[in-house]
>>> print(open('model31.txt').read())   # compact mmCIF, C-alpha atoms
# COMPACT_ATOMS: atom_id res chain seq x y z
CA MET F 10 120.15 -202.04 224.80
CA GLU F 11 116.50 -201.16 224.82
CA PHE F 12 113.47 -202.42 222.97
CA ASP F 13 113.74 -199.65 220.40
CA ASP F 14 117.34 -200.65 219.70
CA ILE F 15 116.28 -204.22 219.08
CA LYS F 16 113.46 -203.05 216.86
CA GLN F 17 115.94 -200.98 214.84
CA LEU F 18 118.13 -204.07 214.43
CA LEU F 19 115.15 -206.10 213.28
CA ASP F 20 114.34 -203.39 210.78
CA LEU F 21 117.90 -203.53 209.50
CA VAL F 22 117.70 -207.30 209.10
CA GLU F 23 114.47 -206.93 207.18
CA LYS F 24 115.56 -204.00 205.09
CA HIS F 25 118.82 -205.55 203.96
CA ASP F 26 117.46 -209.07 203.77
CA LEU F 27 120.04 -210.37 206.20
CA ALA F 28 119.99 -214.00 207.26
CA GLU F 29 121.68 -213.41 210.57
CA LEU F 30 122.82 -210.49 212.63
CA GLU F 31 124.85 -210.59 215.78
CA VAL F 32 125.55 -207.54 217.90
CA GLU F 33 127.35 -207.20 221.18
CA ARG F 34 126.90 -204.11 223.24
CA ASP F 35 127.14 -203.25 226.91
CA GLY F 36 127.81 -206.86 227.77
CA LEU F 37 124.70 -208.08 225.99
CA LYS F 38 125.07 -210.22 222.92
CA LEU F 39 122.12 -210.43 220.58
CA ARG F 40 121.83 -212.76 217.62
CA ILE F 41 118.97 -212.45 215.19
CA ARG F 42 118.58 -215.29 212.72
CA LYS F 43 115.86 -215.75 210.16
CA ALA F 44 114.30 -219.20 210.21
CA GLY F 45 114.93 -221.41 207.21
CA ARG F 46 117.89 -219.45 205.96
CA GLU F 47 121.49 -220.43 205.77
CA VAL F 48 123.93 -218.26 207.59
CA THR F 49 125.32 -216.46 204.61
CA PHE F 50 125.44 -212.81 204.06
CA VAL F 51 123.53 -211.38 201.16
CA PRO F 52 126.07 -209.22 199.37
CA ALA F 53 125.23 -205.59 199.28
CA PRO F 54 124.87 -204.32 195.73
CA VAL F 55 127.30 -201.43 196.02
CA ALA F 56 129.75 -201.96 198.85
CA PRO F 57 132.98 -203.65 197.80
CA PRO F 58 133.82 -206.77 199.80
CA PRO F 59 136.30 -206.05 202.56
CA PRO F 60 138.09 -209.13 203.84
CA ALA F 61 136.81 -209.08 207.40
CA ALA F 62 133.96 -210.54 209.38
CA PRO F 63 130.48 -211.61 208.27
CA ALA F 64 128.75 -209.34 210.65
CA ILE F 65 127.31 -205.94 210.95
CA ALA F 66 129.24 -203.84 213.37
CA LEU F 67 127.38 -200.82 214.60
CA ALA F 68 129.99 -198.12 214.62
CA GLY F 69 130.52 -196.69 218.05
CA GLY F 70 129.71 -199.92 219.82
CA PRO F 71 132.34 -201.12 222.24
CA ALA F 72 133.20 -204.41 220.58
CA PRO F 73 133.06 -205.48 216.99
CA VAL F 74 131.41 -208.84 216.62
CA ALA F 75 133.76 -211.76 216.28
CA ALA F 76 133.29 -213.72 213.11
CA PRO F 77 132.46 -217.39 213.24
CA ALA F 78 135.49 -218.88 211.55
CA ALA F 79 133.53 -221.30 209.41
CA ALA F 80 131.57 -218.61 207.72
CA ALA F 81 134.42 -216.21 207.22
CA SER F 82 135.66 -217.48 203.92
CA ASP F 83 132.66 -216.76 201.78
CA ALA F 84 131.21 -213.87 203.65
CA GLU F 85 131.34 -210.14 203.37
CA SER F 86 131.01 -207.45 205.92
CA VAL F 87 129.17 -204.19 205.83
CA ASP F 88 129.84 -201.55 208.41
CA LEU F 89 126.82 -199.45 209.11
CA ALA F 90 127.43 -196.22 210.95
CA VAL F 91 124.34 -194.87 212.59
CA ILE F 92 124.16 -191.11 212.79
CA LYS F 93 122.15 -189.99 215.78
CA SER F 94 120.59 -186.69 216.70
CA PRO F 95 122.89 -184.61 218.88
CA ILE F 96 119.99 -182.46 220.05
CA VAL F 97 116.25 -182.26 220.56
CA GLY F 98 114.48 -180.50 217.72
CA THR F 99 112.58 -180.72 214.48
CA PHE F 100 114.13 -182.76 211.67
CA TYR F 101 114.25 -181.34 208.16
CA ARG F 102 115.52 -183.23 205.14
CA SER F 103 116.00 -180.11 203.00
CA SER F 104 117.26 -176.57 203.44
CA GLU F 105 113.80 -175.17 202.78
CA PRO F 106 110.38 -176.62 201.97
CA SER F 107 110.73 -176.24 198.19
CA ALA F 108 114.30 -177.54 198.00
CA PRO F 109 115.24 -181.13 197.20
CA ALA F 110 116.28 -183.38 200.08
CA PHE F 111 119.93 -183.19 201.10
CA VAL F 112 120.20 -186.97 200.65
CA GLU F 113 118.14 -189.99 199.63
CA VAL F 114 118.68 -193.67 200.39
CA GLY F 115 121.37 -194.96 198.06
CA ASP F 116 123.16 -191.61 197.76
CA VAL F 117 126.91 -191.70 198.17
CA VAL F 118 127.99 -189.12 200.73
CA LYS F 119 131.30 -187.65 201.78
CA LYS F 120 132.49 -186.89 205.28
CA GLY F 121 131.34 -183.38 206.13
CA GLN F 122 128.39 -183.45 203.73
CA VAL F 123 125.18 -182.03 205.17
CA LEU F 124 122.53 -184.73 205.68
CA CYS F 125 119.75 -182.80 207.39
CA ILE F 126 118.88 -179.81 209.55
CA ILE F 127 117.56 -180.01 213.08
CA GLU F 128 115.89 -176.86 214.33
CA ALA F 129 115.57 -175.89 217.97
CA MET F 130 114.85 -172.40 219.30
CA LYS F 131 115.39 -171.12 215.75
CA LEU F 132 118.92 -172.44 215.67
CA MET F 133 119.42 -174.36 212.45
CA ASN F 134 121.83 -177.22 213.14
CA GLU F 135 123.24 -178.71 209.99
CA ILE F 136 124.06 -182.35 210.71
CA GLU F 137 126.95 -183.66 208.66
CA SER F 138 128.04 -187.15 207.81
CA ASP F 139 131.05 -188.10 209.89
CA ARG F 140 132.36 -190.50 207.24
CA ASP F 141 132.32 -191.41 203.58
CA GLY F 142 129.71 -193.95 202.61
CA GLU F 143 126.29 -194.64 201.21
CA ILE F 144 122.99 -193.73 202.84
CA ALA F 145 121.45 -197.08 203.78
CA ALA F 146 118.49 -195.84 205.78
CA ILE F 147 116.70 -192.66 206.79
CA TYR F 148 114.87 -193.23 210.03
CA VAL F 149 112.90 -190.02 210.48
CA GLU F 150 110.26 -188.31 208.36
CA ASN F 151 110.65 -184.71 207.33
CA GLY F 152 109.20 -182.26 209.85
CA LYS F 153 109.03 -184.76 212.73
CA PRO F 154 110.41 -184.09 216.20
CA VAL F 155 113.57 -185.92 217.24
CA GLN F 156 115.03 -186.52 220.67
CA PHE F 157 118.65 -186.56 221.73
CA GLY F 158 120.20 -189.82 220.55
CA ASP F 159 117.45 -190.71 218.07
CA ARG F 160 118.74 -192.48 215.00
CA LEU F 161 118.64 -190.29 211.90
CA PHE F 162 120.62 -192.11 209.20
CA ALA F 163 122.51 -195.32 208.63
CA VAL F 164 125.57 -194.89 206.47
CA LYS F 165 127.07 -197.92 204.80
CA VAL F 166 130.74 -197.23 205.24
CA SER F 167 132.79 -197.38 202.07
CA MET K 23 138.05 -164.55 202.48
CA THR K 24 138.06 -161.15 200.85
CA THR K 25 136.79 -158.43 203.08
CA GLU K 26 137.12 -154.70 202.85
CA ARG K 27 138.06 -151.96 205.24
CA LEU K 28 135.28 -150.83 207.50
CA PRO K 29 133.59 -147.61 206.39
CA PRO K 30 135.09 -144.69 208.39
CA ASP K 31 132.01 -144.05 210.53
CA LEU K 32 131.75 -147.71 211.48
CA ALA K 33 135.47 -147.98 212.18
CA ALA K 34 135.19 -144.94 214.46
CA ALA K 35 132.16 -146.30 216.31
CA ILE K 36 133.87 -149.66 216.85
CA ALA K 37 137.06 -147.96 218.04
CA ARG K 38 135.13 -145.86 220.57
CA SER K 39 133.57 -149.01 222.06
CA ALA K 40 136.72 -151.11 221.90
CA ASP K 41 136.85 -151.86 225.61
CA ALA K 42 133.26 -153.01 225.83
CA LEU K 43 133.56 -154.96 222.58
CA GLY K 44 136.69 -156.95 223.33
CA PRO K 45 136.87 -159.75 220.74
CA PHE K 46 133.57 -158.59 219.23
CA ALA K 47 135.48 -155.66 217.71
CA ARG K 48 136.81 -158.05 215.05
CA LEU K 49 134.30 -156.87 212.45
CA ARG K 50 134.82 -157.38 208.74
CA HIS K 51 132.95 -155.52 206.04
CA VAL K 52 131.79 -156.60 202.62
CA ALA K 53 129.91 -154.28 200.29
CA GLU K 54 127.78 -157.05 198.87
CA THR K 55 127.33 -160.75 199.54
CA ASP K 56 124.78 -163.51 199.17
CA SER K 57 124.50 -163.91 202.94
CA THR K 58 126.65 -162.74 205.84
CA ASN K 59 125.86 -166.04 207.59
CA ASP K 60 127.57 -167.95 204.79
CA ILE K 61 130.75 -165.90 205.15
CA ALA K 62 130.71 -166.24 208.93
CA LEU K 63 130.16 -170.02 208.71
CA ALA K 64 133.19 -170.25 206.41
CA LEU K 65 135.26 -168.08 208.78
CA ALA K 66 134.18 -170.25 211.72
CA ALA K 67 135.17 -173.40 209.85
CA GLY K 68 138.55 -171.76 209.24
CA GLY K 69 139.06 -171.32 212.96
CA GLU K 70 138.21 -167.67 213.47
CA PRO K 71 137.59 -166.94 217.16
CA GLU K 72 134.41 -165.96 218.93
CA GLY K 73 133.41 -162.38 218.28
CA THR K 74 134.53 -162.30 214.66
CA GLY K 75 131.76 -160.62 212.71
CA VAL K 76 130.78 -159.83 209.14
CA ILE K 77 128.66 -156.90 208.07
CA ALA K 78 127.37 -156.23 204.56
CA ASP K 79 125.78 -153.23 202.89
CA VAL K 80 123.70 -155.50 200.67
CA GLN K 81 122.72 -159.17 200.83
CA ARG K 82 121.67 -160.75 197.56
CA GLN K 83 120.19 -163.80 199.25
CA GLY K 84 119.60 -162.82 202.85
CA ARG K 85 117.58 -165.55 204.45
CA GLY K 86 115.15 -166.11 207.24
CA ARG K 87 113.80 -169.29 208.72
CA ARG K 88 113.32 -172.27 206.37
CA GLY K 89 114.52 -170.49 203.26
CA ARG K 90 112.41 -167.38 203.55
CA GLU K 91 113.99 -164.39 201.95
CA TRP K 92 115.25 -161.60 204.17
CA PHE K 93 114.88 -158.50 202.00
CA SER K 94 118.26 -156.74 202.21
CA PRO K 95 118.49 -153.71 199.90
CA PRO K 96 121.55 -151.42 199.93
CA GLU K 97 122.27 -149.82 203.30
CA ALA K 98 118.59 -149.98 204.31
CA GLY K 99 119.27 -152.30 207.20
CA VAL K 100 121.88 -153.91 209.40
CA TYR K 101 122.98 -157.26 207.96
CA LEU K 102 125.35 -158.71 210.50
CA SER K 103 126.65 -162.17 211.43
CA VAL K 104 128.88 -163.01 214.38
CA ILE K 105 130.68 -166.20 215.45
CA VAL K 106 129.95 -167.53 218.95
CA ARG K 107 131.84 -170.50 220.38
CA PRO K 108 129.89 -172.24 223.15
CA ARG K 109 131.99 -173.65 225.97
CA GLY K 110 131.19 -176.06 228.74
CA GLU K 111 127.80 -177.63 229.25
CA SER K 112 126.16 -177.55 225.86
CA THR K 113 122.61 -177.54 227.15
CA GLY K 114 123.08 -174.09 228.60
CA TRP K 115 123.44 -172.80 225.08
CA ALA K 116 119.86 -173.53 224.17
CA LEU K 117 119.23 -170.01 225.44
CA LEU K 118 121.71 -168.44 223.03
CA THR K 119 119.17 -167.61 220.35
CA LEU K 120 116.79 -166.02 222.87
CA GLY K 121 119.72 -164.15 224.39
CA ILE K 122 120.70 -162.69 221.03
CA GLY K 123 117.15 -161.37 220.74
CA VAL K 124 117.58 -159.71 224.12
CA ALA K 125 120.87 -158.14 223.02
CA ALA K 126 119.34 -156.75 219.85
CA ALA K 127 116.27 -155.41 221.68
CA ARG K 128 118.48 -153.69 224.26
CA ALA K 129 120.63 -152.05 221.60
CA ILE K 130 117.68 -150.85 219.55
CA ARG K 131 115.91 -149.45 222.60
CA ALA K 132 119.05 -147.65 223.73
CA GLN K 133 119.78 -146.16 220.31
CA SER K 134 116.24 -145.30 219.22
CA GLY K 135 114.08 -145.21 222.35
CA LEU K 136 111.55 -147.39 220.53
CA PRO K 137 109.56 -149.83 222.69
CA VAL K 138 110.76 -152.88 220.80
CA GLU K 139 109.50 -156.27 222.03
CA LEU K 140 110.47 -159.90 221.45
CA LYS K 141 108.27 -162.53 219.85
CA TRP K 142 109.39 -166.08 220.67
CA PRO K 143 112.07 -167.01 220.15
CA ASN K 144 113.78 -163.85 218.92
CA ASP K 145 111.83 -161.79 216.40
CA LEU K 146 112.13 -158.06 217.03
CA VAL K 147 108.63 -156.61 216.89
CA ILE K 148 106.82 -153.40 217.74
CA GLY K 149 103.27 -152.04 217.96
CA ARG K 150 99.86 -153.74 217.96
CA PRO K 151 99.43 -155.91 216.07
CA TRP K 152 103.12 -156.70 216.08
CA ARG K 153 105.11 -155.50 213.10
CA LYS K 154 108.52 -157.03 212.49
CA LEU K 155 111.51 -154.73 212.88
CA GLY K 156 114.20 -157.35 212.73
CA GLY K 157 115.04 -161.00 213.12
CA VAL K 158 117.73 -163.44 214.09
CA LEU K 159 118.75 -166.61 212.27
CA CYS K 160 121.36 -168.78 213.98
CA GLU K 161 123.10 -171.56 212.11
CA THR K 162 125.67 -174.16 212.96
CA SER K 163 127.11 -177.24 211.40
CA GLY K 164 128.75 -180.31 212.79
CA ALA K 165 128.66 -184.05 212.74
CA ARG K 166 127.72 -185.36 216.16
CA GLY K 167 126.82 -182.57 218.46
CA GLY K 168 130.38 -181.40 218.67
CA VAL K 169 129.12 -177.92 217.99
CA ASP K 170 132.03 -175.60 218.39
CA ALA K 171 130.68 -172.57 216.57
CA VAL K 172 127.31 -170.97 216.15
CA VAL K 173 126.84 -168.21 213.62
CA VAL K 174 124.41 -165.60 214.81
CA GLY K 175 122.79 -163.72 211.93
CA LEU K 176 120.94 -160.51 212.64
CA GLY K 177 118.84 -158.36 210.34
CA VAL K 178 117.41 -155.04 211.49
CA ASN K 179 115.33 -152.78 209.24
CA LEU K 180 116.72 -149.24 209.45
CA LEU K 181 114.97 -147.48 206.57
CA ARG K 182 111.55 -147.78 204.98
CA ALA K 183 113.33 -149.19 201.94
CA ALA K 184 114.29 -152.24 204.01
CA TYR K 185 110.95 -153.96 203.41
CA PRO K 186 108.62 -154.14 200.43
CA PRO K 187 105.65 -151.72 200.71
CA GLU K 188 103.18 -154.62 200.43
CA LEU K 189 104.48 -155.92 203.78
CA ALA K 190 103.76 -152.59 205.54
CA GLU K 191 101.13 -154.18 207.79
CA ARG K 192 103.56 -156.81 209.04
CA ALA K 193 106.98 -155.17 208.69
CA THR K 194 108.43 -151.89 209.78
CA SER K 195 111.71 -150.06 210.21
CA ILE K 196 113.31 -147.81 212.77
CA GLU K 197 112.84 -144.88 210.38
CA THR K 198 109.15 -145.74 209.91
CA GLU K 199 108.52 -145.91 213.65
CA LEU K 200 110.66 -142.97 214.68
CA GLY K 201 109.97 -140.63 211.77
CA ARG K 202 113.71 -140.29 211.17
CA PRO K 203 116.64 -142.61 210.57
CA ILE K 204 119.23 -143.35 213.22
CA ASP K 205 122.99 -143.70 212.87
CA ARG K 206 123.76 -147.14 211.50
CA ALA K 207 127.35 -147.22 212.76
CA LEU K 208 126.32 -146.42 216.34
CA LEU K 209 123.57 -149.05 216.23
CA VAL K 210 125.98 -151.71 214.95
CA ALA K 211 128.47 -150.93 217.72
CA ALA K 212 125.67 -151.10 220.31
CA LEU K 213 124.40 -154.40 218.90
CA LEU K 214 127.86 -155.92 219.16
CA VAL K 215 128.41 -154.62 222.71
CA GLU K 216 125.08 -156.11 223.85
CA MET K 217 125.75 -159.40 222.05
CA ARG K 218 129.08 -159.73 223.79
CA ALA K 219 127.48 -158.96 227.15
CA ILE K 220 124.85 -161.70 226.71
CA VAL K 221 127.38 -164.24 225.43
CA GLU K 222 129.59 -163.52 228.45
CA ARG K 223 126.57 -164.13 230.71
CA LEU K 224 126.07 -167.52 229.06
CA HIS K 225 129.77 -168.36 229.39
CA ALA K 226 129.37 -167.59 233.10
CA GLY K 227 126.34 -169.90 233.33
CA GLU K 228 123.96 -167.05 234.16
CA ARG K 229 120.97 -168.53 232.43
CA GLU K 230 118.43 -166.99 234.77
CA HIS K 231 119.65 -163.54 233.83
CA VAL K 232 119.00 -164.31 230.18
CA ARG K 233 115.56 -165.79 230.86
CA ALA K 234 114.50 -162.86 233.02
CA ALA K 235 115.73 -160.34 230.47
CA TRP K 236 113.94 -162.19 227.68
CA ARG K 237 110.67 -162.28 229.63
CA ALA K 238 110.88 -158.54 230.23
CA PHE K 239 110.94 -157.92 226.46
CA ALA K 240 108.41 -160.63 225.66
CA SER K 241 105.80 -160.08 228.35
CA GLY K 242 103.27 -158.77 225.83
CA GLY K 243 103.08 -162.23 224.29
CA LEU K 244 103.05 -164.33 227.47
CA ALA K 245 100.66 -164.60 230.43
CA GLY K 246 97.99 -166.43 228.48
CA ALA K 247 98.22 -164.71 225.11
CA PRO K 248 96.41 -166.81 222.47
CA VAL K 249 98.71 -168.43 219.92
CA SER K 250 98.64 -170.98 217.13
CA TRP K 251 101.39 -173.17 215.76
CA GLN K 252 101.99 -176.05 213.40
CA ASP K 253 102.58 -179.41 215.03
CA GLN K 254 103.67 -181.95 212.39
CA GLY K 255 101.40 -180.41 209.79
CA ARG K 256 98.45 -179.91 212.14
CA GLU K 257 97.39 -176.50 213.44
CA ARG K 258 97.29 -176.30 217.20
CA ARG K 259 95.94 -173.51 219.36
CA GLY K 260 96.68 -172.56 222.93
CA ARG K 261 97.79 -169.87 225.32
CA ALA K 262 101.45 -168.90 225.71
CA GLU K 263 102.45 -168.95 229.36
CA ASP K 264 106.22 -168.77 229.74
CA ILE K 265 109.53 -170.24 228.62
CA ASP K 266 111.24 -173.17 230.30
CA VAL K 267 114.90 -173.51 231.33
CA ASP K 268 115.93 -174.26 227.74
CA GLY K 269 113.96 -171.42 226.22
CA ALA K 270 111.15 -173.61 224.87
CA LEU K 271 107.80 -171.84 224.70
CA LEU K 272 105.29 -173.29 227.15
CA VAL K 273 101.78 -173.25 225.73
CA ARG K 274 98.65 -174.43 227.53
CA SER K 275 96.53 -176.34 225.10
CA ASP K 276 93.64 -178.76 225.71
CA GLY K 277 94.38 -178.77 229.42
CA ARG K 278 98.04 -179.67 229.02
CA VAL K 279 101.22 -177.65 228.83
CA GLU K 280 103.10 -178.23 225.58
CA ARG K 281 106.75 -177.38 224.96
CA VAL K 282 107.21 -175.74 221.59
CA ILE K 283 110.82 -175.81 220.49
CA ALA K 284 110.73 -175.17 216.75
CA GLY K 285 108.60 -173.73 214.03
CA ASP K 286 106.50 -170.63 213.65
CA VAL K 287 104.25 -169.55 216.47
CA LEU K 288 101.62 -166.99 215.53
CA TRP K 289 100.11 -164.60 218.05
CA ASP K 290 96.45 -163.67 217.44
>>> encode(input="model31.txt", output="structure tokens")
Amino acid sequence: MEFDDIKQLLDLVEKHDLAELEVERDGLKLRIRKAGREVTFVPAPVAPPPPAAPAIALAGGPAPVAAPAAAASDAESVDLAVIKSPIVGTFYRSSEPSAPAFVEVGDVVKKGQVLCIIEAMKLMNEIESDRDGEIAAIYVENGKPVQFGDRLFAVKVS
Amino acid sequence: MTTERLPPDLAAAIARSADALGPFARLRHVAETDSTNDIALALAAGGEPEGTGVIADVQRQGRGRRGREWFSPPEAGVYLSVIVRPRGESTGWALLTLGIGVAAARAIRAQSGLPVELKWPNDLVIGRPWRKLGGVLCETSGARGGVDAVVVGLGVNLLRAAYPPELAERATSIETELGRPIDRALLVAALLVEMRAIVERLHAGEREHVRAAWRAFASGGLAGAPVSWQDQGRERRGRAEDIDVDGALLVRSDGRVERVIAGDVLWD
């Protein structure tokens, strides 16, 4: 886990007004807790409440975060899948400059739906969502360069 | 996917080159379509193998980079898309789009004798200042880099009618340059043979072959040629020097060498 990863997690906490976030990855466990807040999850407006843990599990991470038993009863979980750039290139949010964006934050997307295009050497790579869900965050501005592994979207898994 | 029988001259040209074409002989024909790339993307998603191609007489919505229209009137050009399935180390395939430019330039030179050149990454150009004779648009789709198919779209202007007269300073055709048309069927067969040859080189990991061949067609725009490009909305200027191992254009600008990997680069 690098500084940028931690910054992304902090951004998530801020964006979704989370009280606490705990992530375990590569043997490192990180807990972010806002001062003066109870450890309760702020329910997301759209996602239905699955019965599981009061934590955000970054999809693809090796270990989902174990839920503190005390908090489990009145908590909800939201799984955020982060879609990363598979290549180096230029990020485009629409098929052409005059076209509307493929997706906006809050849009419900289906697996296989095109989220963006990344161009490299005049190869237009359509990047698709790999799951059904709701766009929770768009990390990159239109027309900006992206590196391999850069975060592009967070999808709130439905 | 509804496709039609190949026109007799095209079927004959493909049959004569069957050995050299191998799987690239799997060519389908449609009289009219929005875009041959769209059909090929659908065929690729359906599992069609590498080499499967689609050719159209007319494209209603032929496209270039970032939504630009590729003017595609009836039988005035070659409108062709072919499926390529990269194998092995994916980074080696960054050169695919440049390699397709090489293949097209080779085929056009062989069939017409015209001194066609390449403008990074793969525009087919001729003359001074460069006029565009053809272009390549490659597209792929996938979720997480598991790219298993790239659709290579190729447009070549055969007849004067292939481009609007108001673009005559920037566009041209084989007929315009040569003073006569050439045989479309023979050109298509040659394009497919050369595309297969380049793709086989990439399968074999022969990236240096592709880079050297590309440089040979693009030398007029390298070696310090002045260029400009858009960098996140800002115009930059510099001198094009070479391409790197991935096919990125290396431009010296403000005392540094920049890698340009996307967008339009304009030669002065």
>>> interface_residues(input="model31.txt", of="chain K", to="chain F", cutoff="9 Å", atoms="all atoms listed in the file", output="PyMOL selection string")
chain K and resi 87-90+116-120+142-144+158-169+172+174+253-255+268-271+282-285
>>> residues_around(input="model31.txt", residues="range 216-229 of chain K", least_positions_apart="3", cutoff="9 Å", atoms="all atoms listed in the file", output="PDB file with C-alpha atoms, in the coordinates of the input")
ATOM      1  CA  ALA K  42     133.260-153.010 225.830  1.00  0.00           C
ATOM      2  CA  LEU K  43     133.560-154.960 222.580  1.00  0.00           C
ATOM      3  CA  GLY K  44     136.690-156.950 223.330  1.00  0.00           C
ATOM      4  CA  PRO K  45     136.870-159.750 220.740  1.00  0.00           C
ATOM      5  CA  PHE K  46     133.570-158.590 219.230  1.00  0.00           C
ATOM      6  CA  GLY K  73     133.410-162.380 218.280  1.00  0.00           C
ATOM      7  CA  VAL K 106     129.950-167.530 218.950  1.00  0.00           C
ATOM      8  CA  PRO K 108     129.890-172.240 223.150  1.00  0.00           C
ATOM      9  CA  ARG K 109     131.990-173.650 225.970  1.00  0.00           C
ATOM     10  CA  GLY K 110     131.190-176.060 228.740  1.00  0.00           C
ATOM     11  CA  GLU K 111     127.800-177.630 229.250  1.00  0.00           C
ATOM     12  CA  GLY K 114     123.080-174.090 228.600  1.00  0.00           C
ATOM     13  CA  TRP K 115     123.440-172.800 225.080  1.00  0.00           C
ATOM     14  CA  LEU K 117     119.230-170.010 225.440  1.00  0.00           C
ATOM     15  CA  LEU K 118     121.710-168.440 223.030  1.00  0.00           C
ATOM     16  CA  GLY K 121     119.720-164.150 224.390  1.00  0.00           C
ATOM     17  CA  ILE K 122     120.700-162.690 221.030  1.00  0.00           C
ATOM     18  CA  GLY K 123     117.150-161.370 220.740  1.00  0.00           C
ATOM     19  CA  VAL K 124     117.580-159.710 224.120  1.00  0.00           C
ATOM     20  CA  ALA K 125     120.870-158.140 223.020  1.00  0.00           C
ATOM     21  CA  ALA K 126     119.340-156.750 219.850  1.00  0.00           C
ATOM     22  CA  ARG K 128     118.480-153.690 224.260  1.00  0.00           C
ATOM     23  CA  ALA K 129     120.630-152.050 221.600  1.00  0.00           C
ATOM     24  CA  ALA K 211     128.470-150.930 217.720  1.00  0.00           C
ATOM     25  CA  ALA K 212     125.670-151.100 220.310  1.00  0.00           C
ATOM     26  CA  LEU K 213     124.400-154.400 218.900  1.00  0.00           C
ATOM     27  CA  VAL K 232     119.000-164.310 230.180  1.00  0.00           C
ATOM     28  CA  ARG K 233     115.560-165.790 230.860  1.00  0.00           C
ATOM     29  CA  ALA K 234     114.500-162.860 233.020  1.00  0.00           C
ATOM     30  CA  VAL K 267     114.900-173.510 231.330  1.00  0.00           C
ATOM     31  CA  ASP K 268     115.930-174.260 227.740  1.00  0.00           C
TER      32      ASP K 268
END
>>> atom_distance(input="model31.txt", atom1="CA of Lys154 in chain K", atom2="CA of Thr194 in chain K")
5.8 Å
>>> atom_distance(input="model31.txt", atom1="CA of Asp205 in chain K", atom2="CA of Ala132 in chain K")
12.2 Å
>>> residues_around(input="model31.txt", residues="Leu200 in chain K", least_positions_apart="5", cutoff="12 Å", atoms="only C-alpha atoms", output="PyMOL selection string")
chain K and resi 130-131+133-138+148+155+180-182+194-195
>>> residues_around(input="model31.txt", residues="range 93-100 of chain K", least_positions_apart="4", cutoff="7 Å", atoms="all atoms listed in the file", output="MDAnalysis selection string")
chainID K and resid 79:81 84 177:181 183:185
>>> residues_near_point(input="model31.txt", point="(133.7, -155.8, 211.0)", cutoff="10 Å", atoms="only C-alpha atoms", output="PDB file with C-alpha atoms, keeping the file's coordinate frame")
ATOM      1  CA  THR K  25     136.790-158.430 203.080  1.00  0.00           C
ATOM      2  CA  GLU K  26     137.120-154.700 202.850  1.00  0.00           C
ATOM      3  CA  ARG K  27     138.060-151.960 205.240  1.00  0.00           C
ATOM      4  CA  LEU K  28     135.280-150.830 207.500  1.00  0.00           C
ATOM      5  CA  PRO K  29     133.590-147.610 206.390  1.00  0.00           C
ATOM      6  CA  LEU K  32     131.750-147.710 211.480  1.00  0.00           C
ATOM      7  CA  ALA K  33     135.470-147.980 212.180  1.00  0.00           C
ATOM      8  CA  ILE K  36     133.870-149.660 216.850  1.00  0.00           C
ATOM      9  CA  PHE K  46     133.570-158.590 219.230  1.00  0.00           C
ATOM     10  CA  ALA K  47     135.480-155.660 217.710  1.00  0.00           C
ATOM     11  CA  ARG K  48     136.810-158.050 215.050  1.00  0.00           C
ATOM     12  CA  LEU K  49     134.300-156.870 212.450  1.00  0.00           C
ATOM     13  CA  ARG K  50     134.820-157.380 208.740  1.00  0.00           C
ATOM     14  CA  HIS K  51     132.950-155.520 206.040  1.00  0.00           C
ATOM     15  CA  VAL K  52     131.790-156.600 202.620  1.00  0.00           C
ATOM     16  CA  GLY K  73     133.410-162.380 218.280  1.00  0.00           C
ATOM     17  CA  THR K  74     134.530-162.300 214.660  1.00  0.00           C
ATOM     18  CA  GLY K  75     131.760-160.620 212.710  1.00  0.00           C
ATOM     19  CA  VAL K  76     130.780-159.830 209.140  1.00  0.00           C
ATOM     20  CA  ILE K  77     128.660-156.900 208.070  1.00  0.00           C
ATOM     21  CA  ALA K  78     127.370-156.230 204.560  1.00  0.00           C
ATOM     22  CA  LEU K 102     125.350-158.710 210.500  1.00  0.00           C
ATOM     23  CA  SER K 103     126.650-162.170 211.430  1.00  0.00           C
ATOM     24  CA  VAL K 104     128.880-163.010 214.380  1.00  0.00           C
ATOM     25  CA  VAL K 210     125.980-151.710 214.950  1.00  0.00           C
ATOM     26  CA  ALA K 211     128.470-150.930 217.720  1.00  0.00           C
TER      27      ALA K 211
END
>>> atom_distance(input="model31.txt", atom1="CA of Glu263 in chain K", atom2="CA of Val279 in chain K")
8.8 Å
